[in-house]
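In what follows, a structure is listed as structure tokens, so that the remarks can point back to it.
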Amino acid sequence: MSANSDIVVIGGGLVGLSAALALQRPDRHISILESTALQQKQPGGLNARSIALSYASVQIFKALGLWQEIKTQASPIKTIHISSRGEWGVTRLQASDYDLEALGYVVESQVLDRLLLDRIGCSKGISLVTGASFESIEFGDHVNLAYRSEDKLLDLKSSLVLVADGTQSRTRSCLGIEHRNINYAQAAIIANVEVSKPAPGIAYERFTNSGPLAMLPLGGRRYACVWTHDPAASNELAQLDDEQFIASLQNCFGYRLGFLEKVSPRFCFPLHRIEALGLIKNRCILLGNAANTLHPVAGQGLNLALRDVARLSQLFRNQCIRSLDQPTIGELLDDYESSRVVEQRQVACLGDGMVSLFSNDLPVLNKLRAGALALLDIVPPLKAEVAMSGMGFSYGGNPMLRGRM
């Protein structure tokens, strides 16, 4: 059995679903191949996993016509409070300084996934195939994909393939695109907590000698916590009972949110940066974690990928993809790679720099960190550059970053 699509998206996660919606057009057919059986999960309360969306990502979802639905279930970040544990320097980034309602928003990943799946389900030009395991890929005038579904080997021919199947991408390996794996020798603990004195609209980024600690508002008394240590310490902390874990986290974070009263089950995972050594191969493009897996310190993983999606949409918006010959599509993909690789590398290097600067206990660096945060707080142009970069506007000029297709 074989079928044809203009575009095939390998991977039905947040990046793959967003890419399909951004590239849909009345005269296009897009197929999404997802290896798992996707289920629309309901909001998870204290156990919910969450995502921080930059303001540029908000604009992209506005362009996709999804933002009003997302906003009703998202918590705004109006202030980012950045500090270094045990030192005097503090920086505060404020949305009001830039005449914005918020610098970004925090939304439960289940909510975002459900809204994207709902919109995919309403699209006549997008087909979502779940339980579809990628098998192989071959090139001719088009891309010939083989995948397995319900013990059947099926073929799919496409003019363009978007590879968004995650950090351990099988498709990337099959394409022969090599990657670098940078081991940070750190692990992140993910948990949600309830606090006695919530500060609506304020997100906290606290740098400690062991690594960064982020507390992101989820609405009400709930905060999403991302806490980084070396792997052994992270595993030990994650296995503490609730009372012991809360005591350790309270000691590290302090009492800016009052007492930490409840905590969800903890999830711990090692931190690596994966960097693909190329973004394109023939008619294939790497997206999301298949292209770049980043340290969570700056919260830029999904946000960077959405800006990549916005660039793809801009390049292919007025193209009849099925009629593009190899030289023409090669030029478009070269344009994409050259226009995106600069920001991708800068965002990755920024994250690496923050990890190096703020994850050690050298006395001289402790003082330098405090001085840098204090200086940043009193130099408006420098603070504005940091804020614009964090919101995803360092590389403008894309209509989707202005909320339009």
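FYI, nothing fancy with the structure tokens labels: chains A, B, ... in order, residues from 1 per chain, ligands from 1 as they appear.
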
Within 8 Å of Ser75 in chain A, counting only C-alpha atoms, which residues qualify if same-chain residues fewer than 2 places away don't, as a tab-separated table (two decimals) with C-alpha atoms, in the first residue's frame?
```tsv
chain	number	residue	atom	x	y	z
A	71	LYS	CA	-4.50	32.15	27.03
A	73	GLN	CA	-5.59	28.31	30.53
A	77	ILE	CA	4.88	35.98	33.48
A	105	TYR	CA	3.21	32.57	29.73
A	106	VAL	CA	3.30	29.20	31.47
A	107	VAL	CA	0.87	26.59	30.18
A	201	GLY	CA	2.83	36.92	37.51
A	217	PRO	CA	3.72	30.38	38.17
A	218	LEU	CA	1.05	27.88	37.15
A	219	GLY	CA	-1.90	29.82	38.56
```

Show me, as a Markdown table, the residues of range 201-242 of chain A having an atom within 7 Å of range 168-190 of chain A, each with the closest atom pair and its distance in Å, using only C-alpha atoms.
```
| residue | atom | partner | partner_atom | distance |
| --- | --- | --- | --- | --- |
| A:Cys225 | CA | A:Ile190 | CA | 5.8 |
| A:Val226 | CA | A:Ile190 | CA | 4.9 |
| A:Trp227 | CA | A:Ile189 | CA | 5.1 |
| A:Thr228 | CA | A:Ala188 | CA | 4.4 |
| A:His229 | CA | A:Gln186 | CA | 5.5 |
| A:Asp230 | CA | A:Gln186 | CA | 4.2 |
| A:Pro231 | CA | A:Ala187 | CA | 4.8 |
| A:Ser234 | CA | A:Ala187 | CA | 6.0 |
| A:Ala238 | CA | A:Ile189 | CA | 6.7 |
```

To one decimal place, how far is CA of Tyr255 in chain A from CA of Leu100 in chain A in Å?
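Straight-line distance from CA of Tyr255 in chain A to CA of Leu100 in chain A works out to 28.2 Å.
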
Polymer residues at most 9 Å from range 242-251 of chain A, only C-alpha atoms, same-chain spacing of 5 or more positions, as a ChimeraX atom specification
/A:193,227,237,259-265

Two-atom distance - CA of Asp335 in chain A, CA of Leu315 in chain A (Å):
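These two atoms are separated by 8.4 Å.
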
Which is closest to Glu69 in chain A among A:Ala37, A:Met388, A:Val111, A:Ala48, if we use only C-alpha atoms?
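Answer, going by the shortest atom-to-atom distance: A:Val111.
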
Extract the full set of helix (DSSP H, G or I) residues from range 64-132 of chain A according to DSSP on the backbone, and format it as a list in words.
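Everything in range 64-132 of chain A that counts as helix (DSSP H, G or I) is Trp67, Gln68, Glu69, Ile70, Lys71, Ala95, Ser96, Asp97, Tyr98, Ser109, Gln110, Val111, Leu112, Asp113, Arg114, Leu115, Leu116, Leu117, Asp118, Arg119, Ile120, Gly121 and Cys122 of chain A.
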
I'd like the contact shell of range 21-28 of chain A - 8 Å cut-off, only C-alpha atoms, skipping same-chain residues fewer than 3 positions apart - returned as a list in words.
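Non-adjacent residues within range: Ser5, Asp6, Ile7, Leu17, Ser18, Leu64, Ile120, Gly125, Ile126, Val309, Ala310, Leu312, Ser313, Phe316 and Arg317 of chain A.
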
May I have the selected residues written with C-alpha atoms, as a CSV table (one decimal), in the first residue's frame?
```csv
chain,number,residue,atom,x,y,z
A,5,SER,CA,1.5,13.7,0.6
A,6,ASP,CA,3.0,17.1,-0.1
A,7,ILE,CA,4.6,17.2,3.3
A,17,LEU,CA,1.8,19.4,15.3
A,18,SER,CA,2.7,23.1,15.3
A,64,LEU,CA,-2.2,30.0,14.0
A,120,ILE,CA,-5.4,19.1,13.6
A,125,GLY,CA,-5.7,18.8,4.7
A,126,ILE,CA,-3.9,17.1,7.6
A,309,VAL,CA,8.6,26.6,12.2
A,310,ALA,CA,7.8,30.3,11.6
A,312,LEU,CA,9.7,27.4,7.3
A,313,SER,CA,6.1,28.8,7.0
A,316,PHE,CA,7.0,27.8,1.8
A,317,ARG,CA,3.8,29.9,2.2
```

Non-local contacts of Leu53 in chain A (12 Å; only C-alpha atoms; under 2 positions in same chain excluded) as a ChimeraX atom specification
/A:50-51,55-61,67,70-71,74-77,102-109,112,216,298-307,390-392

Could you check how far CA of Leu116 in chain A sits from CA of Ala191 in chain A, in Å to one decimal?
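Interatomic distance here is 24.3 Å.
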
Could you give me, as a PyMOL selection string, the residues within 7 Å of range 285-287 of chain A, counting only C-alpha atoms and dropping anything in the same chain fewer than 3 positions from it?
chain A and resi 161-164+279-281+290-291+305

Next, write the just-selected residues to a file, as a JSON list (two decimals), in the first residue's frame, keeping C-alpha atoms as the atom set.
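New file again-v2.json:
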```json
[["chain", "number", "residue", "atom", "x", "y", "z"],
["A", 161, "VAL", "CA", 9.82, 15.77, 5.09],
["A", 162, "LEU", "CA", 10.00, 17.50, 8.47],
["A", 163, "VAL", "CA", 11.87, 15.39, 11.03],
["A", 164, "ALA", "CA", 10.61, 16.12, 14.55],
["A", 279, "LEU", "CA", 19.78, 20.73, 9.48],
["A", 280, "ILE", "CA", 18.94, 19.50, 5.99],
["A", 281, "LYS", "CA", 19.48, 16.45, 3.80],
["A", 290, "ALA", "CA", 16.09, 16.28, 16.58],
["A", 291, "ALA", "CA", 18.02, 19.41, 15.57],
["A", 305, "ALA", "CA", 11.74, 25.33, 17.52]]
```

Nearest to Val90 in chain A, restricted to only C-alpha atoms and choosing among A:Tyr147, A:Phe267, A:Tyr223, A:Phe207, comes out as A:Phe207

Can you work out which one of A:Ile137, A:Cys252, A:Leu115, A:Ala95 has the shortest atom-to-atom distance to Arg283 in chain A, counting only C-alpha atoms?
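So, comparing all the options, the nearest one is A:Ile137.
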